Amino acid sequence: MQHLVDTNDFTDQQIQDLLRDAKAFKKQTPPKLLHDKLLITLFFEASTRTRSSFEVAAKRLGASVVHLDPSRSSAKKGESLEDTFTNLCAMEPDGIIVRHHLNQTPQDLANMHTTPIINAGAGNYAHPTQALLDLFTMVEYFGTQVRGKTIAIIGDIVNSRVASSGIRLLTRMGMHVVLVAPPQFMPETSLPQYKTLEEVIDSVDVIMSLRAQLERHEKEIFEDYDDYAQQYCITPERIGERNILLLHPGPVMRNIDISDAMLDDPRCRVLTQVKNGVFMRMAILKLLLLDS
Ligand code: ASP
């Protein structure tokens, strides 16, 4: 039984297989490879893209999906997460897709060895399917040249699971990762760090902008995010004519993370990421439910 807690659960060969399958699925709708499979989604945190992307991916491959809304489940009556999970497993799904505010939850559930676990976001620790769809989006653009390219991750890096998973996967894939953030948003790291984008922008091929993870801040970090935006919002003025690909996992805080004008710029690939997310998740479901 294979789980996806973070991308290090996959071998290099499996990552290459995922990129190949996602590309093939994007080119041509595949047959209903998972027609006899059933998945349960269990999201303890809000989600727009990831949850619907998983559902679309599963359905495109013919699988059925059951959603359990924890805010209306017996979790509200005091049932523990482990008991909720055990009861769902008794219904014999083929996998459970879980999102939780605690870093450890997907691994804890995987350790119970009852059904494949797919991590759809855990605390500030891991969001492996986002990292894989980001990689797919960059490989689609740069091809094998992605190795050696430089990506600047900018924003609330310390609280972002997208950044954590991205840093692990993209450095493994041979990319140079540099971090741009105010001290309050900078993690402890040996990666190159910059306070402003201007210091590094001329050597950057990709920018990944991140939202301030307000729900994870114990106290208010910036009183006024318009001031923050003066330094960190990605605008056409800041990027100039440079050939830089712009990514963001969403939700984008308009005119704080990325300006309205930059969101309309062809270099901004936010919706391509969303589109590619479905194909990458199809590939991931195929790998976990069929190939392993
Ligand atoms: N959607 C991403 C996540 O769940 C990014 C974000 O919320 O800022 O981590």
# chains A, B, ... in the order shown; residues from 1 in each chain; ligands from 1
>>> closest_atom_pairs(of="chain A", to="ligand 1", cutoff="8 Å", atoms="only C-alpha atoms and all ligand atoms", output="Markdown table")
| residue | atom | partner | partner_atom_place_in_ligand_line | distance |
| --- | --- | --- | --- | --- |
| A:Ala46 | CA | ligand 1 | 4 (O) | 7.8 |
| A:Ser47 | CA | ligand 1 | 4 (O) | 6.6 |
| A:Thr48 | CA | ligand 1 | 1 (N) | 7.7 |
| A:Arg49 | CA | ligand 1 | 1 (N) | 7.1 |
| A:Thr50 | CA | ligand 1 | 1 (N) | 7.1 |
| A:Ala120 | CA | ligand 1 | 4 (O) | 7.8 |
| A:Gly121 | CA | ligand 1 | 4 (O) | 5.8 |
| A:Asn124 | CA | ligand 1 | 9 (O) | 7.6 |
| A:His127 | CA | ligand 1 | 9 (O) | 6.6 |
| A:Gln130 | CA | ligand 1 | 2 (C) | 7.8 |
| A:Ser160 | CA | ligand 1 | 9 (O) | 6.2 |
| A:Arg161 | CA | ligand 1 | 9 (O) | 5.5 |
| A:Val162 | CA | ligand 1 | 9 (O) | 5.5 |
| A:Leu210 | CA | ligand 1 | 8 (O) | 6.2 |
| A:Arg211 | CA | ligand 1 | 8 (O) | 4.9 |
| A:Ala212 | CA | ligand 1 | 8 (O) | 7.0 |
| A:Gln213 | CA | ligand 1 | 8 (O) | 6.0 |
| A:Pro249 | CA | ligand 1 | 5 (C) | 5.2 |
| A:Gly250 | CA | ligand 1 | 1 (N) | 5.2 |
| A:Pro251 | CA | ligand 1 | 8 (O) | 5.7 |
| A:Val252 | CA | ligand 1 | 8 (O) | 7.5 |
>>> write_last_selection(atoms="N, CA, C and O atoms", output="compact mmCIF listing (two decimals), in the first residue's frame")
# COMPACT_ATOMS: atom_id res chain seq x y z
N ALA A 46 -10.36 24.72 5.07
CA ALA A 46 -11.03 25.21 3.86
C ALA A 46 -10.22 24.87 2.61
O ALA A 46 -9.00 24.78 2.66
N SER A 47 -10.93 24.68 1.52
CA SER A 47 -10.26 24.41 0.24
C SER A 47 -11.20 24.75 -0.91
O SER A 47 -12.39 24.44 -0.84
N THR A 48 -10.65 25.39 -1.92
CA THR A 48 -11.42 25.60 -3.16
C THR A 48 -10.83 24.71 -4.25
O THR A 48 -11.48 23.80 -4.76
N ARG A 49 -9.56 24.97 -4.57
CA ARG A 49 -8.93 24.29 -5.70
C ARG A 49 -8.63 22.83 -5.41
O ARG A 49 -8.98 21.96 -6.21
N THR A 50 -7.96 22.56 -4.30
CA THR A 50 -7.45 21.19 -4.10
C THR A 50 -8.59 20.19 -4.04
O THR A 50 -8.55 19.14 -4.68
N ALA A 120 -3.62 16.20 1.26
CA ALA A 120 -4.09 17.36 0.48
C ALA A 120 -3.73 18.67 1.19
O ALA A 120 -4.35 19.70 0.92
N GLY A 121 -2.74 18.59 2.08
CA GLY A 121 -2.30 19.80 2.81
C GLY A 121 -2.30 19.54 4.29
O GLY A 121 -3.35 19.23 4.86
N ASN A 124 1.84 23.53 8.21
CA ASN A 124 2.79 24.27 7.35
C ASN A 124 3.86 23.33 6.83
O ASN A 124 4.91 23.75 6.37
N HIS A 127 2.39 19.95 1.23
CA HIS A 127 1.28 19.99 0.27
C HIS A 127 1.83 19.36 -1.01
O HIS A 127 2.10 20.05 -2.01
N GLN A 130 0.43 19.95 -4.62
CA GLN A 130 0.70 21.30 -5.15
C GLN A 130 2.13 21.36 -5.69
O GLN A 130 2.37 21.89 -6.77
N SER A 160 4.09 28.42 5.18
CA SER A 160 3.48 27.85 3.97
C SER A 160 3.90 26.40 3.72
O SER A 160 5.08 26.11 3.53
N ARG A 161 2.91 25.53 3.66
CA ARG A 161 3.20 24.12 3.32
C ARG A 161 3.54 23.99 1.84
O ARG A 161 4.20 23.06 1.42
N VAL A 162 3.04 24.94 1.03
CA VAL A 162 3.38 24.94 -0.40
C VAL A 162 4.88 25.18 -0.55
O VAL A 162 5.58 24.51 -1.32
N LEU A 210 3.42 33.86 -2.58
CA LEU A 210 2.61 33.15 -1.57
C LEU A 210 1.79 34.15 -0.76
O LEU A 210 2.26 35.24 -0.44
N ARG A 211 0.64 33.69 -0.36
CA ARG A 211 -0.28 34.47 0.49
C ARG A 211 0.21 34.47 1.94
O ARG A 211 0.75 33.47 2.41
N ALA A 212 -0.04 35.56 2.66
CA ALA A 212 0.19 35.55 4.11
C ALA A 212 -0.82 34.57 4.73
O ALA A 212 -2.02 34.70 4.52
N GLN A 213 -0.32 33.60 5.47
CA GLN A 213 -1.17 32.52 6.02
C GLN A 213 -1.80 33.00 7.33
O GLN A 213 -1.46 32.50 8.42
N PRO A 249 -0.07 29.45 -5.64
CA PRO A 249 -0.95 28.30 -5.44
C PRO A 249 -2.42 28.68 -5.24
O PRO A 249 -3.29 27.80 -5.29
N GLY A 250 -2.71 29.96 -5.03
CA GLY A 250 -4.07 30.39 -4.74
C GLY A 250 -4.42 30.02 -3.29
O GLY A 250 -3.84 29.10 -2.73
N PRO A 251 -5.35 30.74 -2.69
CA PRO A 251 -6.02 31.91 -3.24
C PRO A 251 -5.08 33.13 -3.28
O PRO A 251 -4.36 33.37 -2.32
N VAL A 252 -5.16 33.85 -4.40
CA VAL A 252 -4.33 35.05 -4.55
C VAL A 252 -5.00 36.22 -3.84
O VAL A 252 -6.19 36.48 -4.07
>>> residues_around(residues="His101 of chain A", least_positions_apart="4", cutoff="7 Å", atoms="only C-alpha atoms", output="VMD selection string")
chain A and resid 45 122 to 123
>>> closest_residue(among="A:Asp108, A:Glu223, A:Glu237, A:Asp202", to="Val5 of chain A", atoms="only C-alpha atoms")
A:Asp108
>>> residues_around(residues="Val178 of chain A", least_positions_apart="3", cutoff="12 Å", atoms="only C-alpha atoms", output="JSON, numbers by chain")
{"A": [149, 150, 151, 152, 153, 154, 155, 157, 163, 166, 167, 170, 171, 175, 181, 186, 187, 189, 190, 191, 192, 193, 194, 195, 196, 197, 199, 200, 201, 203, 204, 205, 206, 207, 208]}
>>> atom_distance(atom1="atom CA of Glu215 of chain A", atom2="atom CA of Met253 of chain A")
13.9 Å
>>> residues_around(residues="Met282 of chain A", least_positions_apart="5", cutoff="8 Å", atoms="only C-alpha atoms", output="list in words")
Ala22, Phe25, Phe54, Ala57, Ala58, Arg60 and Leu61 of chain A
>>> residues_around(residues="Leu245 of chain A", least_positions_apart="2", cutoff="12 Å", atoms="only C-alpha atoms", output="PDB file with N, CA, C and O atoms, in the first residue's frame")
ATOM      1  N   ASP A 134       3.096  22.101  -9.535  1.00  0.00           N
ATOM      2  CA  ASP A 134       3.983  23.233  -9.846  1.00  0.00           C
ATOM      3  C   ASP A 134       5.162  22.743 -10.689  1.00  0.00           C
ATOM      4  O   ASP A 134       5.550  23.394 -11.668  1.00  0.00           O
ATOM      5  N   THR A 137       4.013  22.178 -14.189  1.00  0.00           N
ATOM      6  CA  THR A 137       3.819  23.445 -14.899  1.00  0.00           C
ATOM      7  C   THR A 137       5.166  24.000 -15.379  1.00  0.00           C
ATOM      8  O   THR A 137       5.269  24.534 -16.491  1.00  0.00           O
ATOM      9  N   MET A 138       6.194  23.845 -14.562  1.00  0.00           N
ATOM     10  CA  MET A 138       7.518  24.361 -14.972  1.00  0.00           C
ATOM     11  C   MET A 138       8.175  23.452 -16.008  1.00  0.00           C
ATOM     12  O   MET A 138       8.797  23.934 -16.955  1.00  0.00           O
ATOM     13  N   VAL A 139       8.001  22.140 -15.862  1.00  0.00           N
ATOM     14  CA  VAL A 139       8.584  21.205 -16.842  1.00  0.00           C
ATOM     15  C   VAL A 139       7.912  21.410 -18.197  1.00  0.00           C
ATOM     16  O   VAL A 139       8.552  21.358 -19.246  1.00  0.00           O
ATOM     17  N   GLU A 140       6.617  21.686 -18.171  1.00  0.00           N
ATOM     18  CA  GLU A 140       5.887  21.936 -19.413  1.00  0.00           C
ATOM     19  C   GLU A 140       6.484  23.142 -20.150  1.00  0.00           C
ATOM     20  O   GLU A 140       6.555  23.177 -21.369  1.00  0.00           O
ATOM     21  N   TYR A 141       6.947  24.120 -19.395  1.00  0.00           N
ATOM     22  CA  TYR A 141       7.485  25.348 -19.977  1.00  0.00           C
ATOM     23  C   TYR A 141       8.963  25.217 -20.343  1.00  0.00           C
ATOM     24  O   TYR A 141       9.374  25.595 -21.435  1.00  0.00           O
ATOM     25  N   PHE A 142       9.753  24.660 -19.413  1.00  0.00           N
ATOM     26  CA  PHE A 142      11.218  24.633 -19.622  1.00  0.00           C
ATOM     27  C   PHE A 142      11.719  23.297 -20.162  1.00  0.00           C
ATOM     28  O   PHE A 142      12.887  23.193 -20.537  1.00  0.00           O
ATOM     29  N   VAL A 146      14.577  22.550 -16.868  1.00  0.00           N
ATOM     30  CA  VAL A 146      14.120  23.020 -15.554  1.00  0.00           C
ATOM     31  C   VAL A 146      15.230  22.853 -14.515  1.00  0.00           C
ATOM     32  O   VAL A 146      15.386  23.658 -13.599  1.00  0.00           O
ATOM     33  N   LYS A 149      17.368  25.882 -13.325  1.00  0.00           N
ATOM     34  CA  LYS A 149      16.641  27.159 -13.303  1.00  0.00           C
ATOM     35  C   LYS A 149      16.528  27.658 -11.856  1.00  0.00           C
ATOM     36  O   LYS A 149      16.563  26.861 -10.907  1.00  0.00           O
ATOM     37  N   THR A 150      16.326  28.966 -11.731  1.00  0.00           N
ATOM     38  CA  THR A 150      16.230  29.565 -10.388  1.00  0.00           C
ATOM     39  C   THR A 150      14.801  30.012 -10.121  1.00  0.00           C
ATOM     40  O   THR A 150      14.209  30.719 -10.940  1.00  0.00           O
ATOM     41  N   ILE A 151      14.283  29.583  -8.989  1.00  0.00           N
ATOM     42  CA  ILE A 151      12.942  30.007  -8.575  1.00  0.00           C
ATOM     43  C   ILE A 151      13.065  30.814  -7.291  1.00  0.00           C
ATOM     44  O   ILE A 151      13.752  30.395  -6.351  1.00  0.00           O
ATOM     45  N   ALA A 152      12.408  31.979  -7.283  1.00  0.00           N
ATOM     46  CA  ALA A 152      12.346  32.790  -6.061  1.00  0.00           C
ATOM     47  C   ALA A 152      10.978  32.565  -5.422  1.00  0.00           C
ATOM     48  O   ALA A 152       9.951  32.801  -6.062  1.00  0.00           O
ATOM     49  N   ILE A 153      10.975  32.088  -4.187  1.00  0.00           N
ATOM     50  CA  ILE A 153       9.715  31.950  -3.445  1.00  0.00           C
ATOM     51  C   ILE A 153       9.588  33.199  -2.577  1.00  0.00           C
ATOM     52  O   ILE A 153      10.514  33.557  -1.850  1.00  0.00           O
ATOM     53  N   ILE A 201      16.270  39.671  -8.666  1.00  0.00           N
ATOM     54  CA  ILE A 201      15.348  39.487  -9.792  1.00  0.00           C
ATOM     55  C   ILE A 201      16.056  39.195 -11.127  1.00  0.00           C
ATOM     56  O   ILE A 201      15.527  38.453 -11.957  1.00  0.00           O
ATOM     57  N   VAL A 204      16.537  35.387 -11.808  1.00  0.00           N
ATOM     58  CA  VAL A 204      15.403  34.528 -11.506  1.00  0.00           C
ATOM     59  C   VAL A 204      14.649  34.121 -12.781  1.00  0.00           C
ATOM     60  O   VAL A 204      14.425  34.946 -13.657  1.00  0.00           O
ATOM     61  N   ASP A 205      14.289  32.841 -12.876  1.00  0.00           N
ATOM     62  CA  ASP A 205      13.494  32.361 -14.023  1.00  0.00           C
ATOM     63  C   ASP A 205      12.013  32.221 -13.664  1.00  0.00           C
ATOM     64  O   ASP A 205      11.148  32.277 -14.534  1.00  0.00           O
ATOM     65  N   VAL A 206      11.755  31.951 -12.388  1.00  0.00           N
ATOM     66  CA  VAL A 206      10.376  31.732 -11.931  1.00  0.00           C
ATOM     67  C   VAL A 206      10.203  32.452 -10.597  1.00  0.00           C
ATOM     68  O   VAL A 206      11.116  32.448  -9.762  1.00  0.00           O
ATOM     69  N   ILE A 207       9.028  33.042 -10.412  1.00  0.00           N
ATOM     70  CA  ILE A 207       8.669  33.581  -9.097  1.00  0.00           C
ATOM     71  C   ILE A 207       7.453  32.810  -8.602  1.00  0.00           C
ATOM     72  O   ILE A 207       6.480  32.641  -9.341  1.00  0.00           O
ATOM     73  N   MET A 208       7.538  32.322  -7.373  1.00  0.00           N
ATOM     74  CA  MET A 208       6.353  31.730  -6.747  1.00  0.00           C
ATOM     75  C   MET A 208       5.927  32.665  -5.617  1.00  0.00           C
ATOM     76  O   MET A 208       6.629  32.819  -4.624  1.00  0.00           O
ATOM     77  N   SER A 209       4.791  33.324  -5.827  1.00  0.00           N
ATOM     78  CA  SER A 209       4.278  34.250  -4.823  1.00  0.00           C
ATOM     79  C   SER A 209       3.371  33.481  -3.862  1.00  0.00           C
ATOM     80  O   SER A 209       2.655  32.559  -4.275  1.00  0.00           O
ATOM     81  N   ILE A 234       3.714  41.471  -6.602  1.00  0.00           N
ATOM     82  CA  ILE A 234       4.315  41.305  -7.935  1.00  0.00           C
ATOM     83  C   ILE A 234       3.499  42.135  -8.932  1.00  0.00           C
ATOM     84  O   ILE A 234       2.308  41.875  -9.131  1.00  0.00           O
ATOM     85  N   ILE A 239       8.509  43.571 -12.456  1.00  0.00           N
ATOM     86  CA  ILE A 239       9.043  42.500 -13.318  1.00  0.00           C
ATOM     87  C   ILE A 239       9.646  43.074 -14.606  1.00  0.00           C
ATOM     88  O   ILE A 239      10.564  42.503 -15.182  1.00  0.00           O
ATOM     89  N   GLU A 241      10.364  43.862 -18.374  1.00  0.00           N
ATOM     90  CA  GLU A 241      10.245  43.045 -19.590  1.00  0.00           C
ATOM     91  C   GLU A 241      10.819  41.648 -19.397  1.00  0.00           C
ATOM     92  O   GLU A 241      10.909  40.874 -20.344  1.00  0.00           O
ATOM     93  N   ARG A 242      11.262  41.365 -18.192  1.00  0.00           N
ATOM     94  CA  ARG A 242      11.972  40.090 -17.960  1.00  0.00           C
ATOM     95  C   ARG A 242      11.077  38.894 -18.275  1.00  0.00           C
ATOM     96  O   ARG A 242       9.880  38.901 -17.999  1.00  0.00           O
ATOM     97  N   ASN A 243      11.730  37.854 -18.781  1.00  0.00           N
ATOM     98  CA  ASN A 243      11.000  36.639 -19.137  1.00  0.00           C
ATOM     99  C   ASN A 243      10.922  35.728 -17.901  1.00  0.00           C
ATOM    100  O   ASN A 243      11.690  34.789 -17.767  1.00  0.00           O
ATOM    101  N   LEU A 247       4.107  32.081 -10.655  1.00  0.00           N
ATOM    102  CA  LEU A 247       3.216  31.057 -10.082  1.00  0.00           C
ATOM    103  C   LEU A 247       2.646  31.536  -8.749  1.00  0.00           C
ATOM    104  O   LEU A 247       3.248  32.352  -8.060  1.00  0.00           O
ATOM    105  N   HIS A 248       1.506  30.972  -8.388  1.00  0.00           N
ATOM    106  CA  HIS A 248       0.905  31.209  -7.058  1.00  0.00           C
ATOM    107  C   HIS A 248      -0.068  30.051  -6.829  1.00  0.00           C
ATOM    108  O   HIS A 248      -0.847  29.722  -7.729  1.00  0.00           O
ATOM    109  N   MET A 262      -0.875  42.321 -13.254  1.00  0.00           N
ATOM    110  CA  MET A 262       0.058  41.183 -13.409  1.00  0.00           C
ATOM    111  C   MET A 262      -0.719  39.867 -13.531  1.00  0.00           C
ATOM    112  O   MET A 262      -0.278  38.941 -14.219  1.00  0.00           O
ATOM    113  N   LEU A 263      -1.883  39.803 -12.885  1.00  0.00           N
ATOM    114  CA  LEU A 263      -2.696  38.578 -13.010  1.00  0.00           C
ATOM    115  C   LEU A 263      -3.174  38.379 -14.444  1.00  0.00           C
ATOM    116  O   LEU A 263      -3.430  37.245 -14.868  1.00  0.00           O
ATOM    117  N   ASP A 265      -1.351  39.248 -17.031  1.00  0.00           N
ATOM    118  CA  ASP A 265      -0.157  39.185 -17.885  1.00  0.00           C
ATOM    119  C   ASP A 265       0.077  37.730 -18.315  1.00  0.00           C
ATOM    120  O   ASP A 265      -0.103  36.811 -17.508  1.00  0.00           O
ATOM    121  N   PRO A 266       0.431  37.498 -19.576  1.00  0.00           N
ATOM    122  CA  PRO A 266       0.623  36.104 -20.022  1.00  0.00           C
ATOM    123  C   PRO A 266       1.719  35.357 -19.261  1.00  0.00           C
ATOM    124  O   PRO A 266       1.726  34.135 -19.239  1.00  0.00           O
ATOM    125  N   ARG A 267       2.625  36.072 -18.608  1.00  0.00           N
ATOM    126  CA  ARG A 267       3.658  35.386 -17.823  1.00  0.00           C
ATOM    127  C   ARG A 267       3.101  34.798 -16.531  1.00  0.00           C
ATOM    128  O   ARG A 267       3.735  33.962 -15.898  1.00  0.00           O
ATOM    129  N   CYS A 268       1.906  35.229 -16.160  1.00  0.00           N
ATOM    130  CA  CYS A 268       1.291  34.726 -14.930  1.00  0.00           C
ATOM    131  C   CYS A 268       0.574  33.407 -15.243  1.00  0.00           C
ATOM    132  O   CYS A 268      -0.338  33.376 -16.067  1.00  0.00           O
ATOM    133  N   ARG A 269       0.966  32.319 -14.590  1.00  0.00           N
ATOM    134  CA  ARG A 269       0.449  30.990 -14.935  1.00  0.00           C
ATOM    135  C   ARG A 269      -0.461  30.410 -13.857  1.00  0.00           C
ATOM    136  O   ARG A 269      -0.572  29.191 -13.719  1.00  0.00           O
ATOM    137  N   VAL A 270      -1.121  31.257 -13.105  1.00  0.00           N
ATOM    138  CA  VAL A 270      -1.931  30.770 -11.990  1.00  0.00           C
ATOM    139  C   VAL A 270      -3.039  29.822 -12.472  1.00  0.00           C
ATOM    140  O   VAL A 270      -3.249  28.753 -11.890  1.00  0.00           O
ATOM    141  N   THR A 272      -3.077  28.204 -15.315  1.00  0.00           N
ATOM    142  CA  THR A 272      -2.437  27.003 -15.880  1.00  0.00           C
ATOM    143  C   THR A 272      -2.132  26.018 -14.756  1.00  0.00           C
ATOM    144  O   THR A 272      -2.296  24.805 -14.911  1.00  0.00           O
ATOM    145  N   GLN A 273      -1.686  26.543 -13.616  1.00  0.00           N
ATOM    146  CA  GLN A 273      -1.440  25.662 -12.462  1.00  0.00           C
ATOM    147  C   GLN A 273      -2.732  24.933 -12.068  1.00  0.00           C
ATOM    148  O   GLN A 273      -2.713  23.736 -11.790  1.00  0.00           O
TER     149      GLN A 273
END
>>> select_by_dssp(residues="segment 50-274 of chain A", states="strand (DSSP E or B)", output="PyMOL selection string")
chain A and resi 64-68+95-100+117-122+126+150-154+176-180+193-194+206-209+234+245-247+254+258+268
>>> select_by_dssp(residues="segment 30-65 of chain A", states="helix (DSSP H, G or I)", output="ChimeraX atom specification")
/A:49-60
>>> closest_residue(among="A:Ala75, A:His217, A:Ile118, A:Ile258", to="Gln230 of chain A", atoms="only C-alpha atoms")
A:Ile258
